[in-house]
$ cat final.cif   # mmCIF, C-alpha atoms; chains and numbers go by the auth columns
data_work
loop_
_atom_site.group_PDB
_atom_site.id
_atom_site.type_symbol
_atom_site.label_atom_id
_atom_site.label_comp_id
_atom_site.label_asym_id
_atom_site.label_seq_id
_atom_site.Cartn_x
_atom_site.Cartn_y
_atom_site.Cartn_z
_atom_site.B_iso_or_equiv
_atom_site.auth_seq_id
_atom_site.auth_asym_id
ATOM 1 C CA MET A 1 80.733 27.684 -11.759 0.00 1 A
ATOM 2 C CA GLN A 2 78.011 30.088 -12.915 0.00 2 A
ATOM 3 C CA GLU A 3 78.704 33.101 -14.906 0.00 3 A
ATOM 4 C CA PRO A 4 78.280 36.487 -13.247 0.00 4 A
ATOM 5 C CA GLN A 5 75.611 37.353 -15.824 0.00 5 A
ATOM 6 C CA GLU A 6 73.494 34.354 -14.899 0.00 6 A
ATOM 7 C CA GLU A 7 73.729 35.178 -11.212 0.00 7 A
ATOM 8 C CA LEU A 8 72.519 38.683 -11.990 0.00 8 A
ATOM 9 C CA PHE A 9 69.475 37.309 -13.850 0.00 9 A
ATOM 10 C CA GLN A 10 68.655 34.982 -10.995 0.00 10 A
ATOM 11 C CA ILE A 11 68.846 37.827 -8.452 0.00 11 A
ATOM 12 C CA ALA A 12 66.625 40.004 -10.640 0.00 12 A
ATOM 13 C CA THR A 13 64.099 37.195 -10.975 0.00 13 A
ATOM 14 C CA LEU A 14 64.023 36.700 -7.207 0.00 14 A
ATOM 15 C CA VAL A 15 63.524 40.433 -6.676 0.00 15 A
ATOM 16 C CA VAL A 16 60.627 40.450 -9.157 0.00 16 A
ATOM 17 C CA VAL A 17 58.938 37.496 -7.413 0.00 17 A
ATOM 18 C CA VAL A 18 59.345 39.134 -4.023 0.00 18 A
ATOM 19 C CA LEU A 19 57.902 42.413 -5.383 0.00 19 A
ATOM 20 C CA VAL A 20 54.941 40.550 -6.894 0.00 20 A
ATOM 21 C CA VAL A 21 54.250 38.852 -3.553 0.00 21 A
ATOM 22 C CA ILE A 22 54.537 42.200 -1.754 0.00 22 A
ATOM 23 C CA VAL A 23 52.164 43.842 -4.235 0.00 23 A
ATOM 24 C CA CYS A 24 49.620 41.020 -3.860 0.00 24 A
ATOM 25 C CA MET A 25 49.765 41.266 -0.075 0.00 25 A
ATOM 26 C CA ALA A 26 49.322 45.042 -0.295 0.00 26 A
ATOM 27 C CA GLN A 27 46.250 44.621 -2.563 0.00 27 A
ATOM 28 C CA LEU A 28 44.835 42.106 -0.162 0.00 28 A
ATOM 29 C CA LEU A 29 45.325 44.458 2.799 0.00 29 A
ATOM 30 C CA ILE A 30 43.745 47.345 0.907 0.00 30 A
ATOM 31 C CA PHE A 31 40.799 45.117 -0.030 0.00 31 A
ATOM 32 C CA VAL A 32 40.286 44.051 3.586 0.00 32 A
ATOM 33 C CA ASN A 33 40.805 47.507 5.053 0.00 33 A
ATOM 34 C CA PRO A 34 40.580 50.377 2.557 0.00 34 A
ATOM 35 C CA ARG A 35 41.925 52.776 5.174 0.00 35 A
ATOM 36 C CA VAL A 36 45.219 50.889 5.667 0.00 36 A
ATOM 37 C CA ALA A 37 48.268 53.131 5.826 0.00 37 A
ATOM 38 C CA ILE A 38 49.730 51.810 2.556 0.00 38 A
ATOM 39 C CA ASN A 39 46.617 52.815 0.565 0.00 39 A
ATOM 40 C CA PRO A 40 47.368 56.084 -1.190 0.00 40 A
ATOM 41 C CA LEU A 41 43.661 56.531 -2.127 0.00 41 A
ATOM 42 C CA LYS A 42 41.950 56.184 1.233 0.00 42 A
ATOM 43 C CA PRO A 43 38.177 56.818 1.243 0.00 43 A
ATOM 44 C CA PRO A 44 37.143 60.023 3.052 0.00 44 A
ATOM 45 C CA LEU A 45 36.103 59.768 6.691 0.00 45 A
ATOM 46 C CA PRO A 46 32.302 59.906 7.316 0.00 46 A
ATOM 47 C CA THR A 47 31.117 63.275 8.610 0.00 47 A
ATOM 48 C CA GLY A 48 28.862 62.787 11.653 0.00 48 A
ATOM 49 C CA THR A 49 26.697 65.270 13.456 0.00 49 A
ATOM 50 C CA PRO A 50 28.414 66.424 16.616 0.00 50 A
ATOM 51 C CA LEU A 51 26.552 65.562 19.810 0.00 51 A
ATOM 52 C CA PRO A 52 25.072 68.549 21.658 0.00 52 A
ATOM 53 C CA THR A 53 26.925 69.649 24.727 0.00 53 A
ATOM 54 C CA PHE A 54 24.966 70.753 27.768 0.00 54 A
ATOM 55 C CA PRO A 55 26.078 72.837 30.701 0.00 55 A
ATOM 56 C CA ALA A 56 27.011 70.955 33.836 0.00 56 A
ATOM 57 C CA THR A 57 23.890 72.236 35.571 0.00 57 A
ATOM 58 C CA TYR A 58 21.474 71.474 32.721 0.00 58 A
ATOM 59 C CA THR A 59 18.038 70.436 33.964 0.00 59 A
ATOM 60 C CA PRO A 60 15.364 69.194 31.522 0.00 60 A
ATOM 61 C CA THR A 61 12.353 71.478 31.407 0.00 61 A
ATOM 62 C CA GLU A 62 9.002 69.756 31.841 0.00 62 A
ATOM 63 C CA THR A 63 6.743 70.312 28.902 0.00 63 A
ATOM 64 C CA SER A 64 3.061 70.511 29.726 0.00 64 A
ATOM 65 C CA THR A 65 0.825 68.108 27.858 0.00 65 A
ATOM 66 C CA PRO A 66 -2.093 69.863 26.178 0.00 66 A
ATOM 67 C CA THR A 67 -5.464 68.785 27.521 0.00 67 A
ATOM 68 C CA LEU A 68 -8.467 68.084 25.291 0.00 68 A
ATOM 69 C CA THR A 69 -11.345 70.461 25.972 0.00 69 A
ATOM 70 C CA LEU A 70 -14.720 69.061 24.990 0.00 70 A
ATOM 71 C CA MET A 71 -16.942 71.466 23.122 0.00 71 A
ATOM 72 C CA PRO A 72 -20.551 71.633 24.319 0.00 72 A
ATOM 73 C CA THR A 73 -22.827 69.229 22.461 0.00 73 A
ATOM 74 C CA ARG A 74 -25.770 70.758 20.717 0.00 74 A
ATOM 75 C CA THR A 75 -29.063 69.269 21.885 0.00 75 A
ATOM 76 C CA LEU A 76 -31.642 68.950 19.164 0.00 76 A
ATOM 77 C CA THR A 77 -35.176 69.876 20.123 0.00 77 A
ATOM 78 C CA PRO A 78 -37.699 67.467 18.583 0.00 78 A
ATOM 79 C CA THR A 79 -40.100 69.171 16.274 0.00 79 A
ATOM 80 C CA LEU A 80 -43.685 68.036 16.192 0.00 80 A
ATOM 81 C CA THR A 81 -44.353 67.218 12.563 0.00 81 A
ATOM 82 C CA GLY A 82 -47.981 66.410 12.851 0.00 82 A
ATOM 83 C CA THR A 83 -50.967 66.377 15.106 0.00 83 A
ATOM 84 C CA PRO A 84 -51.778 62.830 16.288 0.00 84 A
ATOM 85 C CA THR A 85 -55.251 61.781 15.356 0.00 85 A
ATOM 86 C CA PRO A 86 -57.102 59.929 18.112 0.00 86 A
ATOM 87 C CA PRO A 87 -58.352 56.505 17.076 0.00 87 A
ATOM 88 C CA GLU A 88 -61.903 56.342 15.953 0.00 88 A
ATOM 89 C CA THR A 89 -64.343 55.212 18.554 0.00 89 A
ATOM 90 C CA PRO A 90 -66.389 52.323 17.229 0.00 90 A
ATOM 91 C CA THR A 91 -70.017 53.195 16.893 0.00 91 A
ATOM 92 C CA PRO A 92 -72.447 50.603 18.241 0.00 92 A
ATOM 93 C CA ALA A 93 -74.804 49.151 15.716 0.00 93 A
ATOM 94 C CA ARG A 94 -77.716 50.853 17.423 0.00 94 A
ATOM 95 C CA THR A 95 -78.317 51.983 20.968 0.00 95 A
ATOM 96 C CA SER A 96 -81.479 51.958 22.948 0.00 96 A
ATOM 97 C CA THR A 97 -82.466 54.946 25.068 0.00 97 A
ATOM 98 C CA LEU A 98 -84.674 55.043 28.097 0.00 98 A
ATOM 99 C CA THR A 99 -87.214 57.058 26.089 0.00 99 A
ATOM 100 C CA ALA A 100 -87.248 54.684 23.101 0.00 100 A
ATOM 101 C CA THR A 101 -90.595 54.139 21.503 0.00 101 A
ATOM 102 C CA PRO A 102 -91.749 50.592 22.226 0.00 102 A
ATOM 103 C CA ILE A 103 -91.771 48.380 19.181 0.00 103 A
ATOM 104 C CA THR A 104 -94.443 45.807 18.874 0.00 104 A
ATOM 105 C CA PRO A 105 -92.957 42.558 17.560 0.00 105 A
ATOM 106 C CA SER A 106 -94.470 41.202 14.403 0.00 106 A
ATOM 107 C CA ARG A 107 -94.875 37.901 16.176 0.00 107 A
ATOM 108 C CA THR A 108 -96.667 37.292 19.446 0.00 108 A
ATOM 109 C CA ARG A 109 -94.628 35.492 22.042 0.00 109 A
ATOM 110 C CA PRO A 110 -96.117 32.071 22.758 0.00 110 A
ATOM 111 C CA PRO A 111 -97.278 31.250 26.269 0.00 111 A
ATOM 112 C CA TRP A 112 -94.504 30.704 28.747 0.00 112 A
ATOM 113 C CA THR A 113 -93.959 27.010 29.253 0.00 113 A
ATOM 114 C CA ARG A 114 -91.572 26.679 32.167 0.00 114 A
ATOM 115 C CA THR A 115 -88.686 24.254 31.727 0.00 115 A
ATOM 116 C CA PRO A 116 -86.662 23.435 34.838 0.00 116 A
ATOM 117 C CA ILE A 117 -83.093 24.812 34.751 0.00 117 A
ATOM 118 C CA PRO A 118 -80.437 23.809 37.253 0.00 118 A
ATOM 119 C CA PRO A 119 -79.878 26.523 39.861 0.00 119 A
ATOM 120 C CA THR A 120 -76.890 28.815 39.371 0.00 120 A
ATOM 121 C CA PRO A 121 -74.319 28.583 42.159 0.00 121 A
ATOM 122 C CA ALA A 122 -73.354 31.631 44.201 0.00 122 A
ATOM 123 C CA PRO A 123 -72.282 34.379 43.917 0.00 123 A
ATOM 124 C CA TYR A 124 -74.769 35.078 41.092 0.00 124 A
ATOM 125 C CA VAL A 125 -77.879 36.917 42.189 0.00 125 A
ATOM 126 C CA PHE A 126 -79.721 36.079 38.939 0.00 126 A
ATOM 127 C CA ARG A 127 -79.728 33.138 36.565 0.00 127 A
ATOM 128 C CA LEU A 128 -81.343 32.174 33.276 0.00 128 A
ATOM 129 C CA GLY A 129 -85.060 31.693 33.922 0.00 129 A
ATOM 130 C CA ARG A 130 -85.823 29.397 30.977 0.00 130 A
ATOM 131 C CA PRO A 131 -84.172 28.274 27.725 0.00 131 A
ATOM 132 C CA VAL A 132 -83.358 31.090 25.309 0.00 132 A
ATOM 133 C CA GLU A 133 -86.167 31.590 22.791 0.00 133 A
ATOM 134 C CA THR A 134 -85.414 32.554 19.169 0.00 134 A
ATOM 135 C CA HIS A 135 -87.599 33.592 16.200 0.00 135 A
ATOM 136 C CA ASP A 136 -87.290 34.845 12.667 0.00 136 A
ATOM 137 C CA ASN A 137 -88.616 38.391 12.427 0.00 137 A
ATOM 138 C CA CYS A 138 -88.179 40.446 9.282 0.00 138 A
ATOM 139 C CA GLY A 139 -89.636 43.499 10.998 0.00 139 A
ATOM 140 C CA THR A 140 -86.976 44.136 13.688 0.00 140 A
ATOM 141 C CA TRP A 141 -83.679 42.576 14.821 0.00 141 A
ATOM 142 C CA TYR A 142 -83.779 42.810 18.619 0.00 142 A
ATOM 143 C CA LEU A 143 -83.302 41.223 22.043 0.00 143 A
ATOM 144 C CA SER A 144 -85.872 41.298 24.802 0.00 144 A
ATOM 145 C CA GLY A 145 -86.766 39.602 28.043 0.00 145 A
ATOM 146 C CA THR A 146 -88.026 39.943 31.593 0.00 146 A
ATOM 147 C CA VAL A 147 -86.286 39.807 34.954 0.00 147 A
ATOM 148 C CA TRP A 148 -88.371 38.008 37.644 0.00 148 A
ATOM 149 C CA ASN A 149 -87.870 38.214 41.371 0.00 149 A
ATOM 150 C CA SER A 150 -87.769 34.431 41.648 0.00 150 A
ATOM 151 C CA SER A 151 -88.641 31.284 39.794 0.00 151 A
ATOM 152 C CA ASP A 152 -92.208 31.695 41.091 0.00 152 A
ATOM 153 C CA PRO A 153 -94.055 33.982 38.647 0.00 153 A
ATOM 154 C CA ASN A 154 -96.398 34.997 41.453 0.00 154 A
ATOM 155 C CA GLN A 155 -93.484 36.928 43.002 0.00 155 A
ATOM 156 C CA GLY A 156 -93.616 39.395 40.108 0.00 156 A
ATOM 157 C CA THR A 157 -90.953 41.126 38.044 0.00 157 A
ATOM 158 C CA LYS A 158 -88.089 43.362 39.086 0.00 158 A
ATOM 159 C CA SER A 159 -87.414 46.820 37.659 0.00 159 A
ATOM 160 C CA GLY A 160 -84.205 48.877 37.809 0.00 160 A
ATOM 161 C CA VAL A 161 -81.951 45.949 36.845 0.00 161 A
ATOM 162 C CA PRO A 162 -79.106 46.870 34.408 0.00 162 A
ATOM 163 C CA ILE A 163 -78.801 44.473 31.437 0.00 163 A
ATOM 164 C CA ARG A 164 -75.494 44.819 29.594 0.00 164 A
ATOM 165 C CA VAL A 165 -75.399 43.854 25.901 0.00 165 A
ATOM 166 C CA VAL A 166 -72.127 42.730 24.302 0.00 166 A
ATOM 167 C CA PHE A 167 -71.996 41.991 20.575 0.00 167 A
ATOM 168 C CA GLY A 168 -68.963 41.161 18.441 0.00 168 A
ATOM 169 C CA ASN A 169 -66.655 41.490 21.494 0.00 169 A
ATOM 170 C CA MET A 170 -67.787 45.088 21.966 0.00 170 A
ATOM 171 C CA ILE A 171 -70.030 46.506 24.681 0.00 171 A
ATOM 172 C CA GLN A 172 -73.092 47.884 22.925 0.00 172 A
ATOM 173 C CA GLY A 173 -74.664 49.458 25.997 0.00 173 A
ATOM 174 C CA THR A 174 -76.917 48.834 28.996 0.00 174 A
ATOM 175 C CA ASP A 175 -80.691 48.748 29.254 0.00 175 A
ATOM 176 C CA ILE A 176 -82.639 49.101 32.521 0.00 176 A
ATOM 177 C CA THR A 177 -85.607 46.881 33.261 0.00 177 A
ATOM 178 C CA GLY A 178 -88.896 48.696 33.760 0.00 178 A
ATOM 179 C CA SER A 179 -87.840 51.683 31.640 0.00 179 A
ATOM 180 C CA HIS A 180 -90.130 50.936 28.667 0.00 180 A
ATOM 181 C CA SER A 181 -93.557 52.469 28.651 0.00 181 A
ATOM 182 C CA GLY A 182 -96.438 50.039 28.409 0.00 182 A
ATOM 183 C CA LYS A 183 -94.282 47.038 29.392 0.00 183 A
ATOM 184 C CA SER A 184 -93.967 45.142 32.657 0.00 184 A
ATOM 185 C CA PRO A 185 -91.616 46.503 35.370 0.00 185 A
ATOM 186 C CA GLY A 186 -89.101 43.765 34.636 0.00 186 A
ATOM 187 C CA TYR A 187 -89.104 44.116 30.830 0.00 187 A
ATOM 188 C CA TRP A 188 -85.942 45.022 28.854 0.00 188 A
ATOM 189 C CA GLU A 189 -84.992 45.142 25.174 0.00 189 A
ATOM 190 C CA TRP A 190 -82.156 46.035 22.809 0.00 190 A
ATOM 191 C CA ILE A 191 -82.702 46.879 19.138 0.00 191 A
ATOM 192 C CA PHE A 192 -80.174 46.207 16.357 0.00 192 A
ATOM 193 C CA ALA A 193 -80.072 47.448 12.781 0.00 193 A
ATOM 194 C CA ASN A 194 -81.883 45.199 10.355 0.00 194 A
ATOM 195 C CA GLY A 195 -79.500 42.692 8.773 0.00 195 A
ATOM 196 C CA THR A 196 -77.176 42.535 11.792 0.00 196 A
ATOM 197 C CA ALA A 197 -75.464 39.153 12.061 0.00 197 A
ATOM 198 C CA GLY A 198 -73.046 37.754 14.625 0.00 198 A
ATOM 199 C CA ASN A 199 -72.639 36.503 18.167 0.00 199 A
ATOM 200 C CA GLY A 200 -72.908 38.213 21.535 0.00 200 A
ATOM 201 C CA TYR A 201 -74.112 37.790 25.085 0.00 201 A
ATOM 202 C CA VAL A 202 -76.110 39.592 27.775 0.00 202 A
ATOM 203 C CA VAL A 203 -75.316 39.764 31.481 0.00 203 A
ATOM 204 C CA ILE A 204 -76.823 41.457 34.539 0.00 204 A
ATOM 205 C CA ILE A 205 -74.558 43.934 36.353 0.00 205 A
ATOM 206 C CA ASP A 206 -74.918 46.355 39.233 0.00 206 A
ATOM 207 C CA SER A 207 -74.095 50.065 39.449 0.00 207 A
ATOM 208 C CA GLY A 208 -70.446 49.204 40.102 0.00 208 A
ATOM 209 C CA ASN A 209 -70.199 46.976 36.975 0.00 209 A
ATOM 210 C CA ASN A 210 -70.077 43.846 39.123 0.00 210 A
ATOM 211 C CA VAL A 211 -71.424 40.782 37.341 0.00 211 A
ATOM 212 C CA LEU A 212 -74.621 39.440 38.948 0.00 212 A
ATOM 213 C CA SER A 213 -75.508 36.664 36.478 0.00 213 A
ATOM 214 C CA PRO A 214 -73.902 34.246 34.022 0.00 214 A
ATOM 215 C CA GLN A 215 -73.219 35.472 30.492 0.00 215 A
ATOM 216 C CA ILE A 216 -76.091 34.264 28.303 0.00 216 A
ATOM 217 C CA PRO A 217 -74.967 33.911 24.656 0.00 217 A
ATOM 218 C CA PHE A 218 -77.125 34.674 21.622 0.00 218 A
ATOM 219 C CA ASN A 219 -76.807 34.683 17.819 0.00 219 A
ATOM 220 C CA LEU A 220 -78.362 36.808 15.078 0.00 220 A
ATOM 221 C CA THR A 221 -78.509 36.033 11.352 0.00 221 A
ATOM 222 C CA ALA A 222 -78.636 38.439 8.418 0.00 222 A
ATOM 223 C CA ASN A 223 -81.510 36.609 6.742 0.00 223 A
ATOM 224 C CA CYS A 224 -85.009 36.384 8.156 0.00 224 A
ATOM 225 C CA ASN A 225 -86.291 33.400 6.236 0.00 225 A
ATOM 226 C CA PRO A 226 -89.036 31.560 8.130 0.00 226 A
ATOM 227 C CA GLY A 227 -87.596 28.648 10.029 0.00 227 A
ATOM 228 C CA GLN A 228 -84.017 29.718 9.258 0.00 228 A
ATOM 229 C CA GLY A 229 -83.459 33.278 10.412 0.00 229 A
ATOM 230 C CA VAL A 230 -82.752 34.319 13.993 0.00 230 A
ATOM 231 C CA ASN A 231 -83.698 37.975 14.376 0.00 231 A
ATOM 232 C CA GLN A 232 -85.595 37.991 17.675 0.00 232 A
ATOM 233 C CA VAL A 233 -84.084 36.535 20.859 0.00 233 A
ATOM 234 C CA ILE A 234 -85.938 36.363 24.179 0.00 234 A
ATOM 235 C CA ILE A 235 -83.862 35.945 27.359 0.00 235 A
ATOM 236 C CA ASP A 236 -85.518 35.872 30.806 0.00 236 A
ATOM 237 C CA PHE A 237 -83.707 36.024 34.149 0.00 237 A
ATOM 238 C CA VAL A 238 -84.929 34.993 37.632 0.00 238 A
ATOM 239 C CA GLY A 239 -83.560 35.903 41.048 0.00 239 A
ATOM 240 C CA THR A 240 -81.705 33.249 43.022 0.00 240 A
ATOM 241 C CA ARG A 241 -82.447 34.672 46.496 0.00 241 A
#

$ encode --input "final.cif" --output "structure tokens"
Amino acid sequence: MQEPQEELFQIATLVVVVLVVIVCMAQLLIFVNPRVAINPLKPPLPTGTPLPTFPATYTPTETSTPTLTLMPTRTLTPTLTGTPTPPETPTPARTSTLTATPITPSRTRPPWTRTPIPPTPAPYVFRLGRPVETHDNCGTWYLSGTVWNSSDPNQGTKSGVPIRVVFGNMIQGTDITGSHSGKSPGYWEWIFANGTAGNGYVVIIDSGNNVLSPQIPFNLTANCNPGQGVNQVIIDFVGTR
């Protein structure tokens, strides 16, 4: 049989164990929920902003949306900064006038030896009368020729026929047959500056610039060495009707 003192120690030990368990459970509860009733040091409650209260008949007021007003755009007036200069008009090498003084070639044209040339099909009114004749001529660089009424020389020459001269892809001008004093009614000529070299062609036109003959090409050289230079070209036309 135990002594009363031993029983007292056993009871005290049991009480201490129970208290330790209770304390541990209390710590656990406080850890899980700091605001538990047994926590003497509860954290303060969070202070929130109270929600606004509106009258029972509160109606939201529509707020107008500002509109964007476009400011007028300034229109710039272009300022002329310079005066345009018109392109230079190319100056023909040399032009012939109706009152030009006839120039006597330094060489005399040889007698006309007719060489048959195939007829030119319509609609040309004129065609080349004979092969183009060329000469060296250190005195003057020029074109000349005669327009005949037909391939029969007995039919005579024709005056008043416009001969257009094109050289270097530029129209040099127009000469009229029969406009040279002391020459036959069908004679025409066009004078170039000495030393002119290049390619061109002549063609018969009417008053409305309609082409009445094929384009007859020619060539001029800068040198006038005998047997090498081409400074004088003779082109004759004949009527086809």

$ residues_around --input "final.cif" --residues "Thr221 (chain A)" --least-positions-apart "2" --cutoff "7 Å" --atoms "all atoms listed in the file" --output "PyMOL selection string"
chain A and resi 196-198+219+223+229-231

$ closest_residue --input "final.cif" --among "A:Ser150, A:Thr174, A:Thr140, A:Asn33" --to "Asn194 (chain A)" --atoms "only C-alpha atoms"
A:Thr140

$ atom_distance --input "final.cif" --atom1 "CA of Lys183 (chain A)" --atom2 "CA of Met170 (chain A)"
27.6 Å

$ closest_residue --input "final.cif" --among "A:Ile191, A:Leu41, A:Ala12, A:Ile235" --to "Leu128 (chain A)" --atoms "all atoms listed in the file"
A:Ile235

$ residues_around --input "final.cif" --residues "Tyr201 (chain A)" --least-positions-apart "2" --cutoff "9 Å" --atoms "all atoms listed in the file" --output "list in words"
Arg164, Val165, Val166, Phe167, Asn199, Val203, Gln215, Ile216, Pro217, Phe218 and Asn219 of chain A
